[in-house]
Amino acid sequence: MPAPLPPGRADADFGFALRVYWEDTDAGGIVFYANYLKFFERARTEWLRSLGVEQEKLKQDEGTIFVVSETAVRYLRPARLDDWLHVTVVAQERRQASLTVAQQCWRDDTLLAEGTIRIGCVDCGTFRPRRIPISILDRIA
C-alpha cells in the first residue's frame with residue numbers, strides 16, 4: 001500500500017512505509033546492512049503493483065521475471081528496532097530490457113540509506129534478457 005512520502009521527498013515516484021522488526025536488526029540493535037536491500041525490494045514490488053504490474057502474473061502470462069543485476073548502496077545513519085521507515089522509489093532510466101531506479105530509506109526527515117538498483121527483465125526459463133513488455137514501460141514515467 002502506498003505510504004505518504006517523507007518530508008522533502010515529493011519528487012519520488014512512490015513511497016512505502018515499514019516498521020523495523022527484531023529480525024531486521026543485528027546484535028548491536030541496528031538494522032543489518034543487507035536488510036536495506038530487502039526494504040528496497042519491498043518498495044519496488046509495491047511500486048510495480050501500484051502501476052498494475054503483478055510479478056507473478058507477469059511470469060505466468062509473459063514468461064518473464066525481473067531480476068536485480070546491479071546494486072550500489074550508501075549507508076548514512078543507522079535504523080533501529082521499532083523505527084518507522086519510509087522507502088522511496090524514483091525511476092531513473094528505462095531501457096528495452098532493464099530499469100534503473102534510485103531508492104532512499106528515511107526515518108522522518110533523516111536519510112538513512114540510498115541506493116541505485118538495476119533490474120533486468122529475463123525469460124523465466126532461460127534467464128536470457130527479454131524486452132520489458134511495452135505495457136509496463138508505458139506505465140513507468
# chains A, B, ... in the order shown; residues from 1 in each chain; ligands from 1
call {"tool": "residues_around", "arguments": {"residues": "A:Val87", "least_positions_apart": "4", "cutoff": "7 Å", "atoms": "only C-alpha atoms", "output": "MDAnalysis selection string"}}
result
chainID A and resid 15:17 40 43 103:106
call {"tool": "write_last_selection", "arguments": {"atoms": "C-alpha atoms", "output": "CSV table (one decimal), in the first residue's frame"}}
result
chain,number,residue,atom,x,y,z
A,15,GLY,CA,6.8,5.8,-1.1
A,16,PHE,CA,6.5,2.7,1.1
A,17,ALA,CA,6.3,2.6,4.9
A,40,PHE,CA,14.2,-1.6,-1.3
A,43,ALA,CA,9.2,-0.9,-2.1
A,103,GLN,CA,15.9,4.4,-3.8
A,104,GLN,CA,16.2,6.0,-0.4
A,105,CYS,CA,15.3,5.0,3.1
A,106,TRP,CA,14.2,7.7,5.5
call {"tool": "residues_around", "arguments": {"residues": "A:Val89", "least_positions_apart": "5", "cutoff": "6 Å", "atoms": "only C-alpha atoms", "output": "CSV table (one decimal) with C-alpha atoms, in the first residue's frame"}}
result
chain,number,residue,atom,x,y,z
A,12,ALA,CA,9.7,10.4,-5.5
A,13,ASP,CA,7.5,8.3,-7.8
A,14,PHE,CA,6.4,6.1,-4.9
A,102,ALA,CA,17.1,5.3,-7.2
A,103,GLN,CA,15.9,4.4,-3.8
call {"tool": "closest_residue", "arguments": {"among": "A:Val31, A:Arg118, A:Val67, A:Ser98", "to": "A:Gln55", "atoms": "only C-alpha atoms"}}
result
A:Val67
call {"tool": "select_by_dssp", "arguments": {"residues": "stretch 78-124 of chain A", "states": "strand (DSSP E)", "output": "ChimeraX atom specification"}}
result
/A:84-94,98-107,110-123
call {"tool": "write_last_selection", "arguments": {"atoms": "C-alpha atoms", "output": "mmCIF file, in the first residue's frame"}}
result
data_model
loop_
_atom_site.group_PDB
_atom_site.id
_atom_site.type_symbol
_atom_site.label_atom_id
_atom_site.label_comp_id
_atom_site.auth_asym_id
_atom_site.auth_seq_id
_atom_site.Cartn_x
_atom_site.Cartn_y
_atom_site.Cartn_z
ATOM 1 C CA TRP A 84 9.114 3.653 11.308
ATOM 2 C CA LEU A 85 10.813 3.954 7.900
ATOM 3 C CA HIS A 86 9.797 5.294 4.506
ATOM 4 C CA VAL A 87 11.414 3.896 1.382
ATOM 5 C CA THR A 88 11.133 5.847 -1.854
ATOM 6 C CA VAL A 89 11.404 4.782 -5.486
ATOM 7 C CA VAL A 90 12.350 7.028 -8.406
ATOM 8 C CA ALA A 91 12.574 5.606 -11.924
ATOM 9 C CA GLN A 92 15.818 6.877 -13.421
ATOM 10 C CA GLU A 93 16.361 5.021 -16.668
ATOM 11 C CA ARG A 94 14.142 2.874 -18.869
ATOM 12 C CA SER A 98 16.209 -3.109 -17.881
ATOM 13 C CA LEU A 99 15.200 -0.387 -15.463
ATOM 14 C CA THR A 100 17.374 1.647 -13.133
ATOM 15 C CA VAL A 101 15.775 3.075 -10.011
ATOM 16 C CA ALA A 102 17.059 5.305 -7.236
ATOM 17 C CA GLN A 103 15.861 4.412 -3.767
ATOM 18 C CA GLN A 104 16.168 6.040 -0.374
ATOM 19 C CA CYS A 105 15.320 4.953 3.140
ATOM 20 C CA TRP A 106 14.201 7.695 5.539
ATOM 21 C CA ARG A 107 13.311 7.962 9.215
ATOM 22 C CA THR A 110 16.736 11.803 8.238
ATOM 23 C CA LEU A 111 18.148 9.985 5.221
ATOM 24 C CA LEU A 112 19.485 6.618 6.400
ATOM 25 C CA ALA A 113 20.500 4.844 3.202
ATOM 26 C CA GLU A 114 20.300 5.381 -0.530
ATOM 27 C CA GLY A 115 20.927 3.154 -3.479
ATOM 28 C CA THR A 116 20.739 2.657 -7.182
ATOM 29 C CA ILE A 117 19.304 -0.644 -8.343
ATOM 30 C CA ARG A 118 19.333 -2.015 -11.879
ATOM 31 C CA ILE A 119 16.623 -4.532 -12.662
ATOM 32 C CA GLY A 120 16.744 -6.734 -15.739
ATOM 33 C CA CYS A 121 13.849 -8.438 -17.461
ATOM 34 C CA VAL A 122 14.635 -12.066 -18.312
ATOM 35 C CA ASP A 123 12.938 -15.153 -19.672
#
call {"tool": "closest_residue", "arguments": {"among": "A:Ala72, A:Leu48, A:Lys57, A:Thr64", "to": "A:Arg128", "atoms": "only C-alpha atoms"}}
result
A:Thr64
call {"tool": "select_by_dssp", "arguments": {"residues": "chain A", "states": "helix (DSSP H, G or I)", "output": "count of residues only"}}
result
31
call {"tool": "atom_distance", "arguments": {"atom1": "atom CA of A:Arg80", "atom2": "atom CA of A:Tyr21"}}
result
8.6 Å
call {"tool": "residues_around", "arguments": {"residues": "A:Gly52", "least_positions_apart": "5", "cutoff": "9 Å", "atoms": "only C-alpha atoms", "output": "number ranges by chain"}}
result
A: 47, 136, 139
call {"tool": "write_last_selection", "arguments": {"atoms": "C-alpha atoms", "output": "mmCIF file, in the first residue's frame"}}
result
data_model
loop_
_atom_site.group_PDB
_atom_site.id
_atom_site.type_symbol
_atom_site.label_atom_id
_atom_site.label_comp_id
_atom_site.auth_asym_id
_atom_site.auth_seq_id
_atom_site.Cartn_x
_atom_site.Cartn_y
_atom_site.Cartn_z
ATOM 1 C CA TRP A 47 5.653 0.402 -6.701
ATOM 2 C CA ILE A 136 4.796 -1.957 -18.461
ATOM 3 C CA ARG A 139 3.305 2.947 -17.083
#
call {"tool": "closest_residue", "arguments": {"among": "A:Ala27, A:Ala97, A:Ile65, A:Ile134", "to": "A:Thr45", "atoms": "only C-alpha atoms"}}
result
A:Ile65
call {"tool": "decode", "arguments": {"residues": "stretch 58-103 of chain A", "atoms": "N, CA and C atoms", "output": "PDB file, in the first residue's frame"}}
result
ATOM      1  N   LEU A  58       2.932 -11.544 -14.357  1.00  0.00           N
ATOM      2  CA  LEU A  58       3.898 -11.306 -15.434  1.00  0.00           C
ATOM      3  C   LEU A  58       4.619 -12.608 -15.791  1.00  0.00           C
ATOM      4  N   LYS A  59       4.996 -13.348 -14.782  1.00  0.00           N
ATOM      5  CA  LYS A  59       5.673 -14.635 -15.003  1.00  0.00           C
ATOM      6  C   LYS A  59       4.757 -15.612 -15.723  1.00  0.00           C
ATOM      7  N   GLN A  60       3.516 -15.708 -15.260  1.00  0.00           N
ATOM      8  CA  GLN A  60       2.573 -16.658 -15.856  1.00  0.00           C
ATOM      9  C   GLN A  60       2.148 -16.257 -17.262  1.00  0.00           C
ATOM     10  N   ASP A  61       1.830 -14.976 -17.455  1.00  0.00           N
ATOM     11  CA  ASP A  61       1.287 -14.517 -18.734  1.00  0.00           C
ATOM     12  C   ASP A  61       2.342 -14.253 -19.799  1.00  0.00           C
ATOM     13  N   GLU A  62       3.493 -13.719 -19.383  1.00  0.00           N
ATOM     14  CA  GLU A  62       4.521 -13.303 -20.342  1.00  0.00           C
ATOM     15  C   GLU A  62       5.758 -14.204 -20.329  1.00  0.00           C
ATOM     16  N   GLY A  63       5.887 -15.030 -19.285  1.00  0.00           N
ATOM     17  CA  GLY A  63       7.079 -15.885 -19.182  1.00  0.00           C
ATOM     18  C   GLY A  63       8.325 -15.098 -18.849  1.00  0.00           C
ATOM     19  N   THR A  64       8.137 -13.919 -18.228  1.00  0.00           N
ATOM     20  CA  THR A  64       9.281 -13.082 -17.872  1.00  0.00           C
ATOM     21  C   THR A  64       9.250 -12.747 -16.386  1.00  0.00           C
ATOM     22  N   ILE A  65      10.434 -12.485 -15.867  1.00  0.00           N
ATOM     23  CA  ILE A  65      10.576 -12.051 -14.483  1.00  0.00           C
ATOM     24  C   ILE A  65      11.601 -10.929 -14.433  1.00  0.00           C
ATOM     25  N   PHE A  66      11.554 -10.169 -13.352  1.00  0.00           N
ATOM     26  CA  PHE A  66      12.563  -9.141 -13.103  1.00  0.00           C
ATOM     27  C   PHE A  66      13.598  -9.708 -12.140  1.00  0.00           C
ATOM     28  N   VAL A  67      14.858  -9.429 -12.430  1.00  0.00           N
ATOM     29  CA  VAL A  67      15.952  -9.832 -11.548  1.00  0.00           C
ATOM     30  C   VAL A  67      16.846  -8.623 -11.294  1.00  0.00           C
ATOM     31  N   VAL A  68      17.423  -8.567 -10.119  1.00  0.00           N
ATOM     32  CA  VAL A  68      18.367  -7.499  -9.810  1.00  0.00           C
ATOM     33  C   VAL A  68      19.701  -7.862 -10.445  1.00  0.00           C
ATOM     34  N   SER A  69      20.237  -6.945 -11.236  1.00  0.00           N
ATOM     35  CA  SER A  69      21.513  -7.211 -11.896  1.00  0.00           C
ATOM     36  C   SER A  69      22.658  -6.363 -11.341  1.00  0.00           C
ATOM     37  N   GLU A  70      22.317  -5.298 -10.615  1.00  0.00           N
ATOM     38  CA  GLU A  70      23.376  -4.439 -10.076  1.00  0.00           C
ATOM     39  C   GLU A  70      22.807  -3.591  -8.941  1.00  0.00           C
ATOM     40  N   THR A  71      23.600  -3.427  -7.899  1.00  0.00           N
ATOM     41  CA  THR A  71      23.205  -2.553  -6.788  1.00  0.00           C
ATOM     42  C   THR A  71      24.398  -1.713  -6.347  1.00  0.00           C
ATOM     43  N   ALA A  72      24.098  -0.539  -5.847  1.00  0.00           N
ATOM     44  CA  ALA A  72      25.085   0.322  -5.183  1.00  0.00           C
ATOM     45  C   ALA A  72      24.337   1.004  -4.046  1.00  0.00           C
ATOM     46  N   VAL A  73      24.806   0.812  -2.827  1.00  0.00           N
ATOM     47  CA  VAL A  73      24.116   1.362  -1.659  1.00  0.00           C
ATOM     48  C   VAL A  73      25.104   2.135  -0.797  1.00  0.00           C
ATOM     49  N   ARG A  74      24.652   3.307  -0.315  1.00  0.00           N
ATOM     50  CA  ARG A  74      25.413   4.097   0.667  1.00  0.00           C
ATOM     51  C   ARG A  74      24.631   4.092   1.963  1.00  0.00           C
ATOM     52  N   TYR A  75      25.334   3.819   3.044  1.00  0.00           N
ATOM     53  CA  TYR A  75      24.714   3.790   4.362  1.00  0.00           C
ATOM     54  C   TYR A  75      25.151   5.040   5.116  1.00  0.00           C
ATOM     55  N   LEU A  76      24.189   5.832   5.562  1.00  0.00           N
ATOM     56  CA  LEU A  76      24.491   7.127   6.143  1.00  0.00           C
ATOM     57  C   LEU A  76      24.248   7.189   7.649  1.00  0.00           C
ATOM     58  N   ARG A  77      23.157   6.608   8.106  1.00  0.00           N
ATOM     59  CA  ARG A  77      22.779   6.624   9.520  1.00  0.00           C
ATOM     60  C   ARG A  77      22.127   5.288   9.847  1.00  0.00           C
ATOM     61  N   PRO A  78      22.190   4.843  11.095  1.00  0.00           N
ATOM     62  CA  PRO A  78      21.566   3.565  11.435  1.00  0.00           C
ATOM     63  C   PRO A  78      20.060   3.687  11.687  1.00  0.00           C
ATOM     64  N   ALA A  79      19.347   2.649  11.323  1.00  0.00           N
ATOM     65  CA  ALA A  79      17.953   2.485  11.735  1.00  0.00           C
ATOM     66  C   ALA A  79      17.957   1.468  12.869  1.00  0.00           C
ATOM     67  N   ARG A  80      16.986   1.587  13.760  1.00  0.00           N
ATOM     68  CA  ARG A  80      16.954   0.738  14.951  1.00  0.00           C
ATOM     69  C   ARG A  80      15.593   0.062  15.106  1.00  0.00           C
ATOM     70  N   LEU A  81      15.559  -0.904  16.002  1.00  0.00           N
ATOM     71  CA  LEU A  81      14.342  -1.633  16.313  1.00  0.00           C
ATOM     72  C   LEU A  81      13.182  -0.668  16.563  1.00  0.00           C
ATOM     73  N   ASP A  82      12.044  -0.979  15.970  1.00  0.00           N
ATOM     74  CA  ASP A  82      10.791  -0.225  16.097  1.00  0.00           C
ATOM     75  C   ASP A  82      10.749   1.095  15.339  1.00  0.00           C
ATOM     76  N   ASP A  83      11.822   1.470  14.656  1.00  0.00           N
ATOM     77  CA  ASP A  83      11.765   2.677  13.826  1.00  0.00           C
ATOM     78  C   ASP A  83      10.705   2.507  12.746  1.00  0.00           C
ATOM     79  N   TRP A  84      10.053   3.604  12.416  1.00  0.00           N
ATOM     80  CA  TRP A  84       9.114   3.653  11.308  1.00  0.00           C
ATOM     81  C   TRP A  84       9.855   4.271  10.139  1.00  0.00           C
ATOM     82  N   LEU A  85      10.012   3.526   9.043  1.00  0.00           N
ATOM     83  CA  LEU A  85      10.813   3.954   7.900  1.00  0.00           C
ATOM     84  C   LEU A  85       9.934   4.187   6.677  1.00  0.00           C
ATOM     85  N   HIS A  86      10.419   5.058   5.805  1.00  0.00           N
ATOM     86  CA  HIS A  86       9.797   5.294   4.506  1.00  0.00           C
ATOM     87  C   HIS A  86      10.854   5.050   3.443  1.00  0.00           C
ATOM     88  N   VAL A  87      10.510   4.215   2.483  1.00  0.00           N
ATOM     89  CA  VAL A  87      11.414   3.896   1.382  1.00  0.00           C
ATOM     90  C   VAL A  87      10.816   4.473   0.109  1.00  0.00           C
ATOM     91  N   THR A  88      11.616   5.219  -0.627  1.00  0.00           N
ATOM     92  CA  THR A  88      11.133   5.847  -1.854  1.00  0.00           C
ATOM     93  C   THR A  88      11.704   5.152  -3.084  1.00  0.00           C
ATOM     94  N   VAL A  89      10.997   5.323  -4.193  1.00  0.00           N
ATOM     95  CA  VAL A  89      11.404   4.782  -5.486  1.00  0.00           C
ATOM     96  C   VAL A  89      11.300   5.904  -6.510  1.00  0.00           C
ATOM     97  N   VAL A  90      12.359   6.085  -7.289  1.00  0.00           N
ATOM     98  CA  VAL A  90      12.350   7.028  -8.406  1.00  0.00           C
ATOM     99  C   VAL A  90      12.901   6.300  -9.624  1.00  0.00           C
ATOM    100  N   ALA A  91      12.099   6.212 -10.675  1.00  0.00           N
ATOM    101  CA  ALA A  91      12.574   5.606 -11.924  1.00  0.00           C
ATOM    102  C   ALA A  91      13.583   6.554 -12.553  1.00  0.00           C
ATOM    103  N   GLN A  92      14.772   6.035 -12.838  1.00  0.00           N
ATOM    104  CA  GLN A  92      15.818   6.877 -13.421  1.00  0.00           C
ATOM    105  C   GLN A  92      16.030   6.620 -14.901  1.00  0.00           C
ATOM    106  N   GLU A  93      16.062   5.350 -15.275  1.00  0.00           N
ATOM    107  CA  GLU A  93      16.361   5.021 -16.668  1.00  0.00           C
ATOM    108  C   GLU A  93      15.520   3.828 -17.104  1.00  0.00           C
ATOM    109  N   ARG A  94      14.889   3.974 -18.246  1.00  0.00           N
ATOM    110  CA  ARG A  94      14.142   2.874 -18.869  1.00  0.00           C
ATOM    111  C   ARG A  94      14.897   2.448 -20.109  1.00  0.00           C
ATOM    112  N   ARG A  95      15.209   1.179 -20.169  1.00  0.00           N
ATOM    113  CA  ARG A  95      15.821   0.629 -21.375  1.00  0.00           C
ATOM    114  C   ARG A  95      14.923  -0.503 -21.854  1.00  0.00           C
ATOM    115  N   GLN A  96      15.267  -1.095 -22.975  1.00  0.00           N
ATOM    116  CA  GLN A  96      14.411  -2.136 -23.537  1.00  0.00           C
ATOM    117  C   GLN A  96      14.287  -3.353 -22.617  1.00  0.00           C
ATOM    118  N   ALA A  97      15.372  -3.723 -21.940  1.00  0.00           N
ATOM    119  CA  ALA A  97      15.337  -4.928 -21.115  1.00  0.00           C
ATOM    120  C   ALA A  97      15.720  -4.667 -19.659  1.00  0.00           C
ATOM    121  N   SER A  98      15.840  -3.391 -19.274  1.00  0.00           N
ATOM    122  CA  SER A  98      16.209  -3.109 -17.881  1.00  0.00           C
ATOM    123  C   SER A  98      15.672  -1.759 -17.424  1.00  0.00           C
ATOM    124  N   LEU A  99      15.597  -1.628 -16.119  1.00  0.00           N
ATOM    125  CA  LEU A  99      15.200  -0.387 -15.463  1.00  0.00           C
ATOM    126  C   LEU A  99      16.251  -0.060 -14.418  1.00  0.00           C
ATOM    127  N   THR A 100      16.531   1.211 -14.231  1.00  0.00           N
ATOM    128  CA  THR A 100      17.374   1.647 -13.133  1.00  0.00           C
ATOM    129  C   THR A 100      16.535   2.562 -12.256  1.00  0.00           C
ATOM    130  N   VAL A 101      16.534   2.268 -10.954  1.00  0.00           N
ATOM    131  CA  VAL A 101      15.775   3.075 -10.011  1.00  0.00           C
ATOM    132  C   VAL A 101      16.687   3.562  -8.900  1.00  0.00           C
ATOM    133  N   ALA A 102      16.377   4.751  -8.411  1.00  0.00           N
ATOM    134  CA  ALA A 102      17.059   5.305  -7.236  1.00  0.00           C
ATOM    135  C   ALA A 102      16.120   5.090  -6.057  1.00  0.00           C
ATOM    136  N   GLN A 103      16.685   4.645  -4.949  1.00  0.00           N
ATOM    137  CA  GLN A 103      15.861   4.412  -3.767  1.00  0.00           C
ATOM    138  C   GLN A 103      16.527   5.019  -2.546  1.00  0.00           C
TER     139      GLN A 103
END
